[in-house]
Amino acid sequence: MIHIAPVSWMSAEQSAAWHTVVVASLASDLPDEPGPTPKQVHAQLTAAGLDSRRLFWLATETGGAVVGVAGLRLFTSPGQDHLAELELHVRPDRRRSEVGSQLLATAVFAAEVEQRRSLLAAADDGGPGDAFCAARGFRRVLTLDHLLLDIARADDAAADIEHPGYELAGWTGTVPGDLADAFAAAKNAMNDMPTGDMDYGSQTWTADRVRAMAKVLADRGDTLLTIAALGKGEMAGYTEIVIRAGETRRALQYDTAVVPAHRGHGLGLWVKAAMVRRLRAEHPGIVEIETDNAQDNTHMLAVNRRLGFRSHRRTHEYQLDLPTT
């Protein structure tokens with residue numbers, strides 16, 4: 001017998017059980033990938049998200065052992081309040097025993113109650129999640145190529161290229177007050193990123209929202225690094241890197257964007273090469289960066305290849321269309 005129970009408040013014991021299931025699931029599906037630490041999982045489960053709220057469920061078997069977990073992120077900002085995003089893991093030895101199906105049914109029902117029209121889920125190419133989504137009515141809407149950069153071997157020569165009329169600025173954590181409005185305007189350039197057939201909607205960035213995003217990461221214990229290109233009275237482009245709390249090896253690429261009016265000048269490569277140098281100087285223990293790009297984002301893929309990123313793995317975004325009233 002499997003019991004699906006909602007979690008209204010995530011205790012330390014429940015967080016530890018969640019971590020155990022996630023690590024076992026990822027070790028089976030991605031044995032060469034570093035798993036999250038207990039601290040990282042606890043922070044993800046307990047820290048407030050940006051413009052969203054989350055629902056959690058634990059699947060337990062007779063005796064109380066946790067054999068599966070599911071989380072549902074409900075977006076709340078205008079432009080994305082039709083979306084829900086699913087995370088689901090089942091202990092490998094309990095797969096194909098309806099645990100995942102019961103967790104999915106529970107999450108789908110909750111999304112419908114919340115009047116969401118689209119449920120998103122990510123799955124590794126060729127893995128169990130890929131087949132699970134395809135068999136349960138999800139549509140594959142976007143394919144992402146994940147790339148890794150060996151920082152020591154990266155080609156950062158573009159950091160030395162002069163860009164007349166532009167200068168670099170960098171900060172850690174929250175954007176400086178005098179750049180907040182310009183940064184928010186630049187982040188809105190992300191709304192034209194390729195999203196395939198995904199019903200992703202759009203985001204509107206303001207100075208308050210970029211500060212709130214930095215606070216979300218700080219509350220998790222993560223380090224947020226940003227380098228921006230400033231020119232002609234505005235922020236022309238930027239790149240962000242996150243080092244998760246307790247991370248000793250890998251940084252994660254967050255947004256990189258160039259404002260449309262400033263494209264075609266090599267600014268994206270410039271800020272990313274400068275970020276490589278910054279990581280070497282400030283975080284020498286971090287030896288690699290992971291990024292992902294939509295397969296049709298040919299420009300950013302070319303930038304990353306020039307820096308030295310290499311193919312690592314592939315994932316797919318799936319979407320389940322939900323009935324609306």
# chains A, B, ... in the order shown; residues from 1 in each chain; ligands from 1
call {"tool": "residues_around", "arguments": {"residues": "stretch 306-311 of chain A", "least_positions_apart": "5", "cutoff": "7 Å", "atoms": "only C-alpha atoms", "output": "list in words"}}
result
His146, Leu147, Leu148, Leu149, Ala154, Asp155 and Asp156 of chain A
call {"tool": "residues_around", "arguments": {"residues": "stretch 273-288 of chain A", "least_positions_apart": "2", "cutoff": "9 Å", "atoms": "only C-alpha atoms", "output": "PyMOL selection string"}}
result
chain A and resi 148-152+154-160+168+170+225-227+239-241+243+247-252+268-271+290+307
call {"tool": "write_last_selection", "arguments": {"atoms": "N, CA and C atoms", "output": "short mmCIF file (atom, residue, chain, number, x, y, z; two decimals), in the first residue's frame"}}
result
data_model
loop_
_atom_site.label_atom_id
_atom_site.label_comp_id
_atom_site.auth_asym_id
_atom_site.auth_seq_id
_atom_site.Cartn_x
_atom_site.Cartn_y
_atom_site.Cartn_z
N LEU A 148 29.20 21.77 -20.54
CA LEU A 148 30.14 21.99 -19.43
C LEU A 148 31.36 22.74 -19.95
N LEU A 149 31.85 23.66 -19.12
CA LEU A 149 33.07 24.40 -19.44
C LEU A 149 34.13 24.09 -18.39
N ASP A 150 35.28 23.60 -18.83
CA ASP A 150 36.44 23.45 -17.96
C ASP A 150 37.07 24.83 -17.83
N ILE A 151 36.94 25.45 -16.66
CA ILE A 151 37.36 26.84 -16.50
C ILE A 151 38.85 27.01 -16.77
N ALA A 152 39.64 26.06 -16.37
CA ALA A 152 41.09 26.18 -16.55
C ALA A 152 41.47 26.21 -18.03
N ALA A 154 39.32 27.24 -20.55
CA ALA A 154 38.42 28.11 -21.31
C ALA A 154 39.21 29.16 -22.09
N ASP A 155 38.69 29.51 -23.25
CA ASP A 155 39.29 30.55 -24.08
C ASP A 155 38.64 31.89 -23.69
N ASP A 156 39.33 32.63 -22.84
CA ASP A 156 38.78 33.89 -22.34
C ASP A 156 39.38 35.11 -23.03
N ALA A 157 40.00 34.92 -24.20
CA ALA A 157 40.66 36.03 -24.90
C ALA A 157 39.69 37.16 -25.22
N ALA A 158 38.40 36.84 -25.38
CA ALA A 158 37.42 37.87 -25.73
C ALA A 158 37.30 38.92 -24.63
N ALA A 159 37.74 38.61 -23.41
CA ALA A 159 37.68 39.60 -22.34
C ALA A 159 38.60 40.78 -22.62
N ASP A 160 39.60 40.61 -23.48
CA ASP A 160 40.56 41.68 -23.79
C ASP A 160 40.13 42.54 -24.98
N LEU A 168 32.62 47.45 -18.46
CA LEU A 168 32.13 46.35 -17.65
C LEU A 168 31.90 46.78 -16.21
N GLY A 170 30.66 44.81 -12.36
CA GLY A 170 30.37 43.53 -11.72
C GLY A 170 29.95 43.71 -10.28
N LEU A 225 26.76 35.91 -8.83
CA LEU A 225 27.75 36.80 -9.44
C LEU A 225 27.19 37.34 -10.74
N THR A 226 27.36 38.63 -10.97
CA THR A 226 26.86 39.25 -12.19
C THR A 226 27.95 40.14 -12.80
N ILE A 227 28.07 40.09 -14.11
CA ILE A 227 28.89 41.04 -14.86
C ILE A 227 28.02 41.62 -15.96
N THR A 239 25.60 38.83 -17.70
CA THR A 239 25.61 37.38 -17.48
C THR A 239 25.62 37.12 -15.99
N GLU A 240 24.96 36.03 -15.56
CA GLU A 240 24.86 35.68 -14.15
C GLU A 240 25.36 34.26 -13.92
N ILE A 241 26.07 34.08 -12.85
CA ILE A 241 26.53 32.76 -12.40
C ILE A 241 26.08 32.56 -10.96
N ILE A 243 26.67 30.01 -7.59
CA ILE A 243 27.39 28.94 -6.90
C ILE A 243 26.52 28.53 -5.73
N GLU A 247 28.72 24.23 -2.50
CA GLU A 247 29.28 23.71 -3.74
C GLU A 247 30.80 23.85 -3.74
N THR A 248 31.49 22.81 -4.15
CA THR A 248 32.95 22.83 -4.16
C THR A 248 33.55 22.67 -5.55
N ARG A 249 32.70 22.51 -6.58
CA ARG A 249 33.25 22.22 -7.89
C ARG A 249 32.57 22.96 -9.04
N ARG A 250 31.25 22.94 -9.08
CA ARG A 250 30.53 23.38 -10.27
C ARG A 250 29.68 24.62 -10.01
N ALA A 251 29.79 25.58 -10.92
CA ALA A 251 28.91 26.75 -10.91
C ALA A 251 27.82 26.54 -11.97
N LEU A 252 26.71 27.22 -11.78
CA LEU A 252 25.59 27.13 -12.71
C LEU A 252 25.41 28.45 -13.43
N GLY A 268 27.84 39.61 -25.62
CA GLY A 268 27.56 38.39 -24.88
C GLY A 268 28.83 37.61 -24.61
N LEU A 269 29.66 37.44 -25.63
CA LEU A 269 30.94 36.75 -25.45
C LEU A 269 31.84 37.52 -24.50
N TRP A 270 31.83 38.83 -24.60
CA TRP A 270 32.66 39.69 -23.75
C TRP A 270 32.35 39.49 -22.27
N VAL A 271 31.07 39.59 -21.90
CA VAL A 271 30.72 39.49 -20.48
C VAL A 271 30.96 38.07 -19.97
N GLU A 290 28.21 24.76 -15.66
CA GLU A 290 27.19 24.06 -16.44
C GLU A 290 26.17 25.07 -16.96
N LEU A 307 33.85 29.76 -26.23
CA LEU A 307 34.49 29.79 -24.91
C LEU A 307 35.11 28.45 -24.54
#
call {"tool": "atom_distance", "arguments": {"atom1": "atom CA of A:Arg117", "atom2": "atom CA of A:Glu85"}}
result
11.2 Å
call {"tool": "residues_around", "arguments": {"residues": "A:Asp208", "least_positions_apart": "5", "cutoff": "10 Å", "atoms": "only C-alpha atoms", "output": "PyMOL selection string"}}
result
chain A and resi 180-181+184+213
call {"tool": "write_last_selection", "arguments": {"atoms": "C-alpha atoms", "output": "compact mmCIF listing (two decimals), in the first residue's frame"}}
result
# COMPACT_ATOMS: atom_id res chain seq x y z
CA ALA A 180 18.74 48.45 -10.44
CA ASP A 181 16.40 50.04 -12.97
CA ALA A 184 15.58 45.26 -14.71
CA MET A 213 15.39 37.36 -6.94
call {"tool": "closest_residue", "arguments": {"among": "A:Ala236, A:Ala218, A:Arg139, A:Gly165", "to": "A:Glu317", "atoms": "only C-alpha atoms"}}
result
A:Arg139
call {"tool": "select_by_dssp", "arguments": {"residues": "stretch 93-299 of chain A", "states": "strand (DSSP E or B)", "output": "NGL selection string"}}
result
:A and (118-124 or 139-150 or 166-172 or 223-231 or 234-243 or 250-258 or 288-294)
call {"tool": "atom_distance", "arguments": {"atom1": "atom CA of A:Ala294", "atom2": "atom CA of A:Asn191"}}
result
13.8 Å
call {"tool": "select_by_dssp", "arguments": {"residues": "stretch 153-244 of chain A", "states": "helix (DSSP H, G or I)", "output": "MDAnalysis selection string"}}
result
chainID A and resid 153 157:160 177:192 207:220
call {"tool": "closest_residue", "arguments": {"among": "A:Met198, A:Leu50, A:Gly231, A:Val258", "to": "A:Ala122", "atoms": "only C-alpha atoms"}}
result
A:Met198
call {"tool": "residues_around", "arguments": {"residues": "A:Pro38", "least_positions_apart": "5", "cutoff": "9 Å", "atoms": "only C-alpha atoms", "output": "PyMOL selection string"}}
result
chain A and resi 15-16+19-20+43
call {"tool": "write_last_selection", "arguments": {"atoms": "C-alpha atoms", "output": "compact mmCIF listing (two decimals), in the first residue's frame"}}
result
# COMPACT_ATOMS: atom_id res chain seq x y z
CA SER A 15 13.67 17.14 4.21
CA ALA A 16 16.23 14.41 4.92
CA HIS A 19 17.02 14.23 -0.07
CA THR A 20 17.49 10.46 0.22
CA ALA A 43 17.14 25.25 1.18
call {"tool": "closest_atom_pairs", "arguments": {"of": "stretch 1-54 of chain A", "to": "stretch 68-71 of chain A", "cutoff": "12 Å", "atoms": "only C-alpha atoms", "output": "CSV"}}
result
residue,atom,partner,partner_atom,distance
A:Ile2,CA,A:Gly68,CA,9.6
A:His3,CA,A:Gly68,CA,10.1
A:Ile4,CA,A:Gly68,CA,8.9
A:Ala5,CA,A:Val69,CA,9.7
A:Pro6,CA,A:Ala70,CA,9.4
A:Val7,CA,A:Gly71,CA,9.8
A:Ser8,CA,A:Gly71,CA,11.8
A:Met10,CA,A:Gly71,CA,11.8
A:Gln14,CA,A:Val69,CA,10.2
A:Ser15,CA,A:Val69,CA,10.4
A:Ala16,CA,A:Val69,CA,11.7
A:Ala17,CA,A:Val69,CA,9.1
A:Trp18,CA,A:Val69,CA,6.4
A:His19,CA,A:Val69,CA,9.5
A:Thr20,CA,A:Gly68,CA,9.8
A:Val21,CA,A:Gly68,CA,6.4
A:Val22,CA,A:Val69,CA,8.0
A:Val23,CA,A:Gly68,CA,11.5
A:Ala24,CA,A:Gly68,CA,10.4
A:Ser25,CA,A:Gly68,CA,9.3
A:Gln44,CA,A:Gly71,CA,10.7
A:Leu45,CA,A:Gly71,CA,8.8
A:Thr46,CA,A:Gly71,CA,11.9
A:Arg53,CA,A:Gly71,CA,10.3
A:Arg54,CA,A:Gly71,CA,6.8
call {"tool": "closest_atom_pairs", "arguments": {"of": "stretch 28-87 of chain A", "to": "stretch 93-98 of chain A", "cutoff": "12 Å", "atoms": "only C-alpha atoms", "output": "JSON lines"}}
result
{"residue": "A:Ser28", "atom": "CA", "partner": "A:Asp93", "partner_atom": "CA", "distance": 10.0}
{"residue": "A:Ala59", "atom": "CA", "partner": "A:Glu98", "partner_atom": "CA", "distance": 10.6}
{"residue": "A:Thr60", "atom": "CA", "partner": "A:Arg94", "partner_atom": "CA", "distance": 10.7}
{"residue": "A:Glu61", "atom": "CA", "partner": "A:Arg94", "partner_atom": "CA", "distance": 9.8}
{"residue": "A:Ala65", "atom": "CA", "partner": "A:Arg94", "partner_atom": "CA", "distance": 11.3}
{"residue": "A:Val66", "atom": "CA", "partner": "A:Arg94", "partner_atom": "CA", "distance": 10.3}
{"residue": "A:Val67", "atom": "CA", "partner": "A:Arg94", "partner_atom": "CA", "distance": 6.7}
{"residue": "A:Gly68", "atom": "CA", "partner": "A:Arg94", "partner_atom": "CA", "distance": 8.3}
{"residue": "A:Val69", "atom": "CA", "partner": "A:Arg94", "partner_atom": "CA", "distance": 12.0}
call {"tool": "atom_distance", "arguments": {"atom1": "atom CA of A:Ala169", "atom2": "atom CA of A:Ala229"}}
result
6.4 Å
call {"tool": "residues_around", "arguments": {"residues": "A:Arg220", "least_positions_apart": "4", "cutoff": "10 Å", "atoms": "only C-alpha atoms", "output": "PDB file with N, CA and C atoms, in the first residue's frame"}}
result
ATOM      1  N   LYS A  39      21.961  20.114   2.536  1.00  0.00           N
ATOM      2  CA  LYS A  39      21.736  21.548   2.755  1.00  0.00           C
ATOM      3  C   LYS A  39      21.088  22.187   1.538  1.00  0.00           C
ATOM      4  N   GLN A  40      21.523  21.808   0.356  1.00  0.00           N
ATOM      5  CA  GLN A  40      20.940  22.377  -0.867  1.00  0.00           C
ATOM      6  C   GLN A  40      19.484  21.978  -1.015  1.00  0.00           C
ATOM      7  N   VAL A  41      19.167  20.719  -0.747  1.00  0.00           N
ATOM      8  CA  VAL A  41      17.778  20.268  -0.844  1.00  0.00           C
ATOM      9  C   VAL A  41      16.911  20.956   0.196  1.00  0.00           C
ATOM     10  N   HIS A  42      17.407  21.050   1.425  1.00  0.00           N
ATOM     11  CA  HIS A  42      16.626  21.706   2.485  1.00  0.00           C
ATOM     12  C   HIS A  42      16.339  23.154   2.114  1.00  0.00           C
ATOM     13  N   ALA A  43      17.337  23.850   1.566  1.00  0.00           N
ATOM     14  CA  ALA A  43      17.139  25.249   1.182  1.00  0.00           C
ATOM     15  C   ALA A  43      16.115  25.367   0.064  1.00  0.00           C
ATOM     16  N   GLN A  44      16.179  24.463  -0.897  1.00  0.00           N
ATOM     17  CA  GLN A  44      15.232  24.490  -2.004  1.00  0.00           C
ATOM     18  C   GLN A  44      13.807  24.272  -1.506  1.00  0.00           C
ATOM     19  N   LEU A  45      13.646  23.412  -0.520  1.00  0.00           N
ATOM     20  CA  LEU A  45      12.316  23.063  -0.032  1.00  0.00           C
ATOM     21  C   LEU A  45      11.738  24.111   0.905  1.00  0.00           C
ATOM     22  N   THR A  46      12.573  24.856   1.597  1.00  0.00           N
ATOM     23  CA  THR A  46      12.088  25.734   2.660  1.00  0.00           C
ATOM     24  C   THR A  46      12.191  27.218   2.343  1.00  0.00           C
ATOM     25  N   ALA A  47      13.085  27.622   1.441  1.00  0.00           N
ATOM     26  CA  ALA A  47      13.210  29.044   1.111  1.00  0.00           C
ATOM     27  C   ALA A  47      12.094  29.454   0.167  1.00  0.00           C
ATOM     28  N   ALA A  48      11.555  30.639   0.368  1.00  0.00           N
ATOM     29  CA  ALA A  48      10.485  31.135  -0.490  1.00  0.00           C
ATOM     30  C   ALA A  48      11.008  31.350  -1.904  1.00  0.00           C
ATOM     31  N   GLY A  49      10.176  31.044  -2.898  1.00  0.00           N
ATOM     32  CA  GLY A  49      10.549  31.263  -4.287  1.00  0.00           C
ATOM     33  C   GLY A  49      10.132  32.642  -4.762  1.00  0.00           C
ATOM     34  N   LYS A 215      17.456  38.055  -3.266  1.00  0.00           N
ATOM     35  CA  LYS A 215      17.164  37.639  -1.890  1.00  0.00           C
ATOM     36  C   LYS A 215      16.806  36.163  -1.820  1.00  0.00           C
ATOM     37  N   VAL A 216      16.069  35.663  -2.814  1.00  0.00           N
ATOM     38  CA  VAL A 216      15.734  34.235  -2.853  1.00  0.00           C
ATOM     39  C   VAL A 216      17.011  33.404  -2.833  1.00  0.00           C
ATOM     40  N   ARG A 244      25.986  27.326  -5.776  1.00  0.00           N
ATOM     41  CA  ARG A 244      25.070  26.881  -4.732  1.00  0.00           C
ATOM     42  C   ARG A 244      25.778  26.707  -3.392  1.00  0.00           C
ATOM     43  N   ALA A 245      25.023  26.845  -2.339  1.00  0.00           N
ATOM     44  CA  ALA A 245      25.568  26.701  -0.989  1.00  0.00           C
ATOM     45  C   ALA A 245      26.265  25.357  -0.837  1.00  0.00           C
TER      46      ALA A 245
END
call {"tool": "residues_around", "arguments": {"residues": "A:Gln203", "least_positions_apart": "2", "cutoff": "8 Å", "atoms": "only C-alpha atoms", "output": "MDAnalysis selection string"}}
result
chainID A and resid 77:80 188 191 201 205
